[in-house]
$ cat my_file39.pdb   # PDB, C-alpha atoms
ATOM      1  CA  PHE A   1      31.442  -7.724 -43.308
ATOM      2  CA  PHE A   2      32.310  -8.193 -46.996
ATOM      3  CA  PHE A   3      33.485  -4.581 -47.347
ATOM      4  CA  MET A   4      36.331  -5.446 -44.956
ATOM      5  CA  LEU A   5      37.370  -8.313 -47.224
ATOM      6  CA  ARG A   6      37.778  -6.165 -50.345
ATOM      7  CA  SER A   7      41.527  -5.941 -49.831
ATOM      8  CA  ALA A   8      41.756  -9.661 -49.135
ATOM      9  CA  LEU A   9      40.359 -10.685 -52.525
ATOM     10  CA  PRO A  10      41.316 -14.391 -52.454
ATOM     11  CA  LEU A  11      39.788 -14.814 -48.986
ATOM     12  CA  ARG A  12      36.649 -13.044 -50.168
ATOM     13  CA  PHE A  13      36.222 -15.504 -53.031
ATOM     14  CA  LEU A  14      37.065 -18.451 -50.807
ATOM     15  CA  LEU A  15      34.143 -17.449 -48.604
ATOM     16  CA  LEU A  16      31.893 -16.878 -51.613
ATOM     17  CA  GLY A  17      32.788 -20.325 -52.922
ATOM     18  CA  VAL A  18      32.016 -22.058 -49.630
ATOM     19  CA  ALA A  19      28.809 -20.087 -49.055
ATOM     20  CA  SER A  20      27.498 -20.725 -52.555
ATOM     21  CA  ARG A  21      28.317 -24.433 -52.865
ATOM     22  CA  ALA A  22      24.789 -25.556 -51.940
ATOM     23  CA  ALA A  23      23.202 -22.944 -54.177
ATOM     24  CA  CYS A  24      25.369 -24.038 -57.103
ATOM     25  CA  ALA A  25      24.391 -27.680 -56.552
ATOM     26  CA  ARG A  26      27.667 -28.974 -57.952
ATOM     27  CA  PRO A  27      29.835 -31.650 -56.434
ATOM     28  CA  SER A  28      33.263 -30.226 -55.693
ATOM     29  CA  SER A  29      36.202 -30.380 -53.405
ATOM     30  CA  PHE A  30      36.516 -28.013 -50.430
ATOM     31  CA  VAL A  31      36.111 -24.842 -52.479
ATOM     32  CA  ASP A  32      33.777 -24.524 -55.465
ATOM     33  CA  THR A  33      35.840 -22.804 -58.155
ATOM     34  CA  LYS A  34      33.180 -22.868 -60.872
ATOM     35  CA  PRO A  35      30.941 -19.944 -61.796
ATOM     36  CA  CYS A  36      27.288 -20.309 -60.876
ATOM     37  CA  ALA A  37      24.080 -18.334 -60.792
ATOM     38  CA  ALA A  38      24.130 -18.054 -56.980
ATOM     39  CA  ARG A  39      27.061 -15.652 -57.109
ATOM     40  CA  SER A  40      26.827 -12.229 -58.673
ATOM     41  CA  LEU A  41      28.043 -11.700 -62.224
ATOM     42  CA  GLN A  42      30.943  -9.571 -60.953
ATOM     43  CA  ALA A  43      31.965 -12.224 -58.415
ATOM     44  CA  ASN A  44      31.901 -14.930 -61.088
ATOM     45  CA  LEU A  45      34.026 -12.880 -63.493
ATOM     46  CA  GLN A  46      36.581 -11.977 -60.812
ATOM     47  CA  PHE A  47      36.598 -15.517 -59.439
ATOM     48  CA  ARG A  48      37.387 -16.978 -62.873
ATOM     49  CA  GLN A  49      40.580 -14.903 -63.022
ATOM     50  CA  PHE A  50      42.030 -17.161 -60.321
ATOM     51  CA  SER A  51      41.138 -20.410 -62.107
ATOM     52  CA  GLU A  52      42.162 -19.705 -65.723
ATOM     53  CA  VAL A  53      45.823 -19.540 -66.592
ATOM     54  CA  GLY A  54      47.462 -19.439 -69.989
ATOM     55  CA  VAL A  55      50.850 -21.087 -70.176
ATOM     56  CA  GLU A  56      53.905 -20.654 -72.343
ATOM     57  CA  ARG A  57      54.219 -23.035 -75.246
ATOM     58  CA  PRO A  58      56.435 -26.011 -74.348
ATOM     59  CA  ALA A  59      60.020 -25.833 -75.616
ATOM     60  CA  ASP A  60      59.753 -29.290 -77.182
ATOM     61  CA  PRO A  61      56.991 -29.179 -79.824
ATOM     62  CA  HIS A  62      56.965 -32.987 -80.005
ATOM     63  CA  ALA A  63      56.400 -33.551 -76.288
ATOM     64  CA  ASP A  64      53.154 -35.358 -75.492
ATOM     65  CA  THR A  65      50.240 -33.264 -74.344
ATOM     66  CA  LEU A  66      47.467 -34.339 -72.041
ATOM     67  CA  PHE A  67      45.232 -34.657 -75.116
ATOM     68  CA  ASP A  68      47.675 -36.993 -76.898
ATOM     69  CA  LYS A  69      47.416 -39.306 -73.895
ATOM     70  CA  ILE A  70      43.615 -39.087 -73.914
ATOM     71  CA  ILE A  71      43.530 -39.907 -77.647
ATOM     72  CA  ARG A  72      45.697 -42.983 -77.004
ATOM     73  CA  LYS A  73      43.420 -43.784 -74.015
ATOM     74  CA  GLU A  74      46.342 -43.729 -71.589
ATOM     75  CA  ILE A  75      44.411 -41.241 -69.441
ATOM     76  CA  PRO A  76      40.707 -41.744 -68.747
ATOM     77  CA  ALA A  77      38.203 -39.207 -70.050
ATOM     78  CA  ASP A  78      34.426 -39.043 -70.318
ATOM     79  CA  ILE A  79      34.419 -39.487 -74.105
ATOM     80  CA  ILE A  80      31.118 -38.529 -75.740
ATOM     81  CA  TYR A  81      32.154 -38.821 -79.408
ATOM     82  CA  GLU A  82      34.935 -40.272 -81.518
ATOM     83  CA  ASP A  83      35.587 -40.726 -85.223
ATOM     84  CA  LYS A  84      38.717 -41.088 -87.369
ATOM     85  CA  LEU A  85      39.435 -37.330 -87.275
ATOM     86  CA  CYS A  86      38.452 -36.156 -83.826
ATOM     87  CA  MET A  87      37.315 -36.921 -80.307
ATOM     88  CA  ALA A  88      35.037 -35.102 -77.853
ATOM     89  CA  PHE A  89      34.969 -35.449 -74.080
ATOM     90  CA  ARG A  90      33.629 -33.588 -71.058
ATOM     91  CA  ASP A  91      35.832 -30.900 -69.534
ATOM     92  CA  ILE A  92      37.219 -31.839 -66.110
ATOM     93  CA  ASN A  93      36.751 -28.223 -64.934
ATOM     94  CA  PRO A  94      33.376 -27.261 -66.422
ATOM     95  CA  GLN A  95      32.496 -23.580 -66.612
ATOM     96  CA  ALA A  96      28.803 -24.288 -67.232
ATOM     97  CA  PRO A  97      26.383 -27.199 -66.781
ATOM     98  CA  THR A  98      27.439 -28.475 -70.221
ATOM     99  CA  HIS A  99      31.111 -28.079 -71.135
ATOM    100  CA  PHE A 100      32.910 -30.431 -73.468
ATOM    101  CA  LEU A 101      35.982 -30.280 -75.694
ATOM    102  CA  VAL A 102      36.310 -31.285 -79.332
ATOM    103  CA  ILE A 103      39.899 -32.073 -80.352
ATOM    104  CA  PRO A 104      41.507 -33.239 -83.579
ATOM    105  CA  LYS A 105      43.378 -36.529 -83.422
ATOM    106  CA  GLU A 106      46.065 -34.989 -85.607
ATOM    107  CA  ARG A 107      48.002 -32.582 -83.430
ATOM    108  CA  LEU A 108      47.730 -28.960 -84.448
ATOM    109  CA  PRO A 109      49.235 -26.954 -81.572
ATOM    110  CA  MET A 110      47.131 -23.826 -81.993
ATOM    111  CA  LEU A 111      44.700 -22.147 -84.354
ATOM    112  CA  ALA A 112      47.335 -19.571 -85.340
ATOM    113  CA  GLU A 113      49.324 -22.378 -86.977
ATOM    114  CA  ALA A 114      46.442 -23.640 -89.126
ATOM    115  CA  GLN A 115      47.111 -23.691 -92.859
ATOM    116  CA  GLU A 116      44.833 -24.027 -95.880
ATOM    117  CA  GLU A 117      45.257 -27.813 -95.747
ATOM    118  CA  HIS A 118      43.636 -27.810 -92.276
ATOM    119  CA  ALA A 119      40.374 -26.264 -93.572
ATOM    120  CA  PRO A 120      38.517 -29.610 -93.910
ATOM    121  CA  LEU A 121      39.592 -30.649 -90.397
ATOM    122  CA  LEU A 122      38.589 -27.305 -88.879
ATOM    123  CA  GLY A 123      35.210 -27.510 -90.586
ATOM    124  CA  HIS A 124      34.750 -31.054 -89.315
ATOM    125  CA  LEU A 125      35.510 -29.975 -85.731
ATOM    126  CA  LEU A 126      32.826 -27.274 -85.943
ATOM    127  CA  LEU A 127      30.275 -29.656 -87.443
ATOM    128  CA  VAL A 128      30.945 -32.191 -84.672
ATOM    129  CA  ALA A 129      30.605 -29.417 -82.065
ATOM    130  CA  SER A 130      27.225 -28.460 -83.561
ATOM    131  CA  LYS A 131      26.030 -32.090 -83.712
ATOM    132  CA  LEU A 132      27.011 -32.741 -80.093
ATOM    133  CA  ALA A 133      25.420 -29.467 -78.925
ATOM    134  CA  ARG A 134      22.130 -30.696 -80.406
ATOM    135  CA  GLU A 135      22.570 -34.081 -78.723
ATOM    136  CA  GLU A 136      23.285 -32.316 -75.421
ATOM    137  CA  HIS A 137      20.008 -30.359 -75.844
ATOM    138  CA  LEU A 138      21.657 -26.939 -75.956
ATOM    139  CA  ASP A 139      18.623 -25.638 -77.850
ATOM    140  CA  ASN A 140      18.736 -22.164 -76.253
ATOM    141  CA  GLY A 141      22.310 -21.595 -77.387
ATOM    142  CA  TYR A 142      25.911 -22.295 -76.562
ATOM    143  CA  ARG A 143      29.366 -20.857 -77.102
ATOM    144  CA  VAL A 144      32.290 -22.348 -79.018
ATOM    145  CA  VAL A 145      35.647 -21.052 -77.761
ATOM    146  CA  ILE A 146      39.170 -21.595 -79.059
ATOM    147  CA  ASN A 147      41.898 -20.240 -76.788
ATOM    148  CA  ASN A 148      45.030 -19.310 -78.735
ATOM    149  CA  GLY A 149      48.385 -18.625 -77.093
ATOM    150  CA  LYS A 150      49.316 -17.535 -73.595
ATOM    151  CA  ASP A 151      47.320 -14.305 -73.638
ATOM    152  CA  GLY A 152      44.352 -16.229 -75.040
ATOM    153  CA  LEU A 153      44.622 -18.514 -71.965
ATOM    154  CA  GLN A 154      45.605 -21.597 -73.945
ATOM    155  CA  SER A 155      46.730 -24.174 -71.410
ATOM    156  CA  VAL A 156      47.202 -27.243 -73.647
ATOM    157  CA  TYR A 157      49.041 -26.784 -76.950
ATOM    158  CA  HIS A 158      46.838 -29.128 -78.922
ATOM    159  CA  LEU A 159      43.993 -27.305 -80.677
ATOM    160  CA  HIS A 160      40.693 -27.791 -78.873
ATOM    161  CA  LEU A 161      37.236 -26.298 -79.071
ATOM    162  CA  HIS A 162      35.344 -25.650 -75.858
ATOM    163  CA  VAL A 163      31.582 -26.040 -76.263
ATOM    164  CA  ILE A 164      29.884 -24.341 -73.315
ATOM    165  CA  GLY A 165      26.173 -24.076 -72.566
ATOM    166  CA  GLY A 166      23.273 -25.069 -70.400
ATOM    167  CA  ARG A 167      22.893 -21.619 -68.846
ATOM    168  CA  LYS A 168      22.763 -18.020 -70.020
ATOM    169  CA  LEU A 169      26.322 -16.934 -70.819
ATOM    170  CA  VAL A 170      27.695 -13.442 -70.227
ATOM    171  CA  TRP A 171      29.430 -10.993 -72.555
ATOM    172  CA  PRO A 172      32.208 -10.041 -72.682
ATOM    173  CA  PRO A 173      33.548 -13.501 -71.819
ATOM    174  CA  GLY A 174      36.935 -12.433 -70.511
TER     175      GLY A 174
END

$ encode --input "my_file39.pdb" --output "C-alpha cells"
Amino acid sequence: FFFMLRSALPLRFLLLGVASRAACARPSSFVDTKPCAARSLQANLQFRQFSEVGVERPADPHADTLFDKIIRKEIPADIIYEDKLCMAFRDINPQAPTHFLVIPKERLPMLAEAQEEHAPLLGHLLLVASKLAREEHLDNGYRVVINNGKDGLQSVYHLHLHVIGGRKLVWPPG
C-alpha cells in the first residue's frame, strides 16, 4: 500500500502522522508533525522538511519579533528561567521530549552579526543552556542548535539557542 503513496509524499506523511500518534504519545492536533521513535529514521527526516522553514530577514530591522513580545510578557510562554541578560522557555513545536530556547534580552538578530563585545553574552547563553540541561535531567546528552539565516532555517531574527534532548538524536541533523 505505501509503495503506491511514494509519489504522493505529503499524503504518505499525513498517514504516517495519524498512524503513529498513539505510539508517539504526544498530545497534538489532527496530524502529529513531530518526529518520534515510532516512525522510521528516514520518515522522521523527510517529515521534518515539511515543518521547518527558514524565512527572509524582515525589511525593518527594528520591527518587533515574537521573542521581543515574549520578553515583555505580551505573549504567554512557558518560561523556565530568567535573569537580567536572558530568558529560557519551552519551544511551542518541540522536536524532542525536551526542547527549550534560550534567548538574550538584548536583541541580536543572528549569530553572524555578533561582535567581540557580544562574547560575554554569548558565553552566558551557553552557560544557562548547560545549567538548564542539568535541571531538565538531560544526563545522557543534548544538542544546542543556533539557526543562522534563511538557509540555516532561522525563522525568528532574534538570536536563540535551541536545547534539544530527552531521546537519542540523529546525525546529520539536517

$ residues_around --input "my_file39.pdb" --residues "Pro58 in chain A" --least-positions-apart "2" --cutoff "12 Å" --atoms "all atoms listed in the file" --output "list in words"
Gly54, Val55, Glu56, Asp60, Pro61, His62, Ala63, Asp64, Thr65, Pro109, Gly149, Lys150, Gln154, Ser155, Val156, Tyr157 and His158 of chain A

$ resolve_selection --input "my_file39.pdb" --expression "the PyMOL selection byres ((chain A and resi 165) around 8)" --output "mmCIF file with C-alpha atoms, keeping the file's coordinate frame"
data_model
loop_
_atom_site.group_PDB
_atom_site.id
_atom_site.type_symbol
_atom_site.label_atom_id
_atom_site.label_comp_id
_atom_site.auth_asym_id
_atom_site.auth_seq_id
_atom_site.Cartn_x
_atom_site.Cartn_y
_atom_site.Cartn_z
ATOM 1 C CA ALA A 96 28.803 -24.288 -67.232
ATOM 2 C CA PRO A 97 26.383 -27.199 -66.781
ATOM 3 C CA THR A 98 27.439 -28.475 -70.221
ATOM 4 C CA HIS A 99 31.111 -28.079 -71.135
ATOM 5 C CA LEU A 138 21.657 -26.939 -75.956
ATOM 6 C CA GLY A 141 22.310 -21.595 -77.387
ATOM 7 C CA TYR A 142 25.911 -22.295 -76.562
ATOM 8 C CA ARG A 143 29.366 -20.857 -77.102
ATOM 9 C CA VAL A 163 31.582 -26.040 -76.263
ATOM 10 C CA ILE A 164 29.884 -24.341 -73.315
ATOM 11 C CA GLY A 166 23.273 -25.069 -70.400
ATOM 12 C CA ARG A 167 22.893 -21.619 -68.846
ATOM 13 C CA LYS A 168 22.763 -18.020 -70.020
ATOM 14 C CA LEU A 169 26.322 -16.934 -70.819
#

$ atom_distance --input "my_file39.pdb" --atom1 "CA of Phe89 in chain A" --atom2 "CA of Leu101 in chain A"
5.5 Å

$ atom_distance --input "my_file39.pdb" --atom1 "CA of Leu159 in chain A" --atom2 "CA of Leu126 in chain A"
12.3 Å

$ residues_around --input "my_file39.pdb" --residues "range 67-83 of chain A" --least-positions-apart "5" --cutoff "9 Å" --atoms "all atoms listed in the file" --output "compact mmCIF listing (two decimals) with C-alpha atoms, keeping the file's coordinate frame"
# COMPACT_ATOMS: atom_id res chain seq x y z
CA ALA A 88 35.04 -35.10 -77.85
CA PHE A 89 34.97 -35.45 -74.08
CA ARG A 90 33.63 -33.59 -71.06
CA ASP A 91 35.83 -30.90 -69.53
CA ILE A 92 37.22 -31.84 -66.11
CA PHE A 100 32.91 -30.43 -73.47
CA VAL A 102 36.31 -31.28 -79.33
CA ILE A 103 39.90 -32.07 -80.35
CA LYS A 105 43.38 -36.53 -83.42
CA ARG A 107 48.00 -32.58 -83.43
CA VAL A 128 30.94 -32.19 -84.67
CA LEU A 132 27.01 -32.74 -80.09
CA VAL A 156 47.20 -27.24 -73.65
CA TYR A 157 49.04 -26.78 -76.95
CA HIS A 158 46.84 -29.13 -78.92

$ atom_distance --input "my_file39.pdb" --atom1 "CA of Leu122 in chain A" --atom2 "CA of Val144 in chain A"
12.7 Å

$ build_atoms --input "my_file39.pdb" --residues "range 153-171 of chain A" --atoms "N, CA, C and O atoms" --output "compact mmCIF listing (two decimals), keeping the file's coordinate frame"
# COMPACT_ATOMS: atom_id res chain seq x y z
N LEU A 153 44.81 -17.53 -73.03
CA LEU A 153 44.62 -18.51 -71.96
C LEU A 153 44.65 -19.95 -72.45
O LEU A 153 44.00 -20.83 -71.89
N GLN A 154 45.45 -20.21 -73.50
CA GLN A 154 45.60 -21.60 -73.94
C GLN A 154 46.48 -22.32 -72.93
O GLN A 154 47.57 -21.87 -72.60
N SER A 155 45.98 -23.44 -72.43
CA SER A 155 46.73 -24.17 -71.41
C SER A 155 47.27 -25.50 -71.93
O SER A 155 48.18 -26.06 -71.33
N VAL A 156 46.70 -26.02 -73.02
CA VAL A 156 47.20 -27.24 -73.65
C VAL A 156 47.46 -26.91 -75.11
O VAL A 156 46.55 -26.46 -75.82
N TYR A 157 48.68 -27.13 -75.57
CA TYR A 157 49.04 -26.78 -76.95
C TYR A 157 48.73 -27.93 -77.91
O TYR A 157 49.60 -28.52 -78.53
N HIS A 158 47.45 -28.20 -77.97
CA HIS A 158 46.84 -29.13 -78.92
C HIS A 158 45.48 -28.48 -79.16
O HIS A 158 44.68 -28.35 -78.23
N LEU A 159 45.23 -28.02 -80.37
CA LEU A 159 43.99 -27.30 -80.68
C LEU A 159 42.79 -28.01 -80.06
O LEU A 159 42.67 -29.23 -80.14
N HIS A 160 41.92 -27.24 -79.44
CA HIS A 160 40.69 -27.79 -78.87
C HIS A 160 39.61 -26.72 -78.84
O HIS A 160 39.89 -25.55 -78.63
N LEU A 161 38.40 -27.17 -79.11
CA LEU A 161 37.24 -26.30 -79.07
C LEU A 161 36.48 -26.58 -77.78
O LEU A 161 36.17 -27.73 -77.48
N HIS A 162 36.21 -25.54 -77.03
CA HIS A 162 35.34 -25.65 -75.86
C HIS A 162 33.92 -25.40 -76.33
O HIS A 162 33.66 -24.39 -77.00
N VAL A 163 33.00 -26.27 -76.00
CA VAL A 163 31.58 -26.04 -76.26
C VAL A 163 30.93 -25.90 -74.88
O VAL A 163 30.99 -26.82 -74.07
N ILE A 164 30.36 -24.70 -74.64
CA ILE A 164 29.88 -24.34 -73.32
C ILE A 164 28.43 -23.91 -73.41
O ILE A 164 28.08 -23.07 -74.23
N GLY A 165 27.58 -24.46 -72.56
CA GLY A 165 26.17 -24.08 -72.57
C GLY A 165 25.43 -24.64 -71.38
O GLY A 165 26.02 -25.11 -70.42
N GLY A 166 24.11 -24.58 -71.48
CA GLY A 166 23.27 -25.07 -70.40
C GLY A 166 22.86 -24.00 -69.42
O GLY A 166 22.16 -24.26 -68.44
N ARG A 167 23.30 -22.78 -69.65
CA ARG A 167 22.89 -21.62 -68.85
C ARG A 167 23.09 -20.39 -69.71
O ARG A 167 23.76 -20.43 -70.74
N LYS A 168 22.54 -19.27 -69.29
CA LYS A 168 22.76 -18.02 -70.02
C LYS A 168 24.21 -17.58 -69.80
O LYS A 168 24.68 -17.49 -68.67
N LEU A 169 24.92 -17.34 -70.89
CA LEU A 169 26.32 -16.93 -70.82
C LEU A 169 26.41 -15.41 -70.81
O LEU A 169 25.50 -14.73 -71.24
N VAL A 170 27.52 -14.90 -70.32
CA VAL A 170 27.70 -13.44 -70.23
C VAL A 170 28.64 -12.94 -71.30
O VAL A 170 29.44 -13.70 -71.86
N TRP A 171 28.54 -11.64 -71.60
CA TRP A 171 29.43 -10.99 -72.56
C TRP A 171 29.90 -9.69 -71.95
O TRP A 171 29.10 -9.00 -71.35
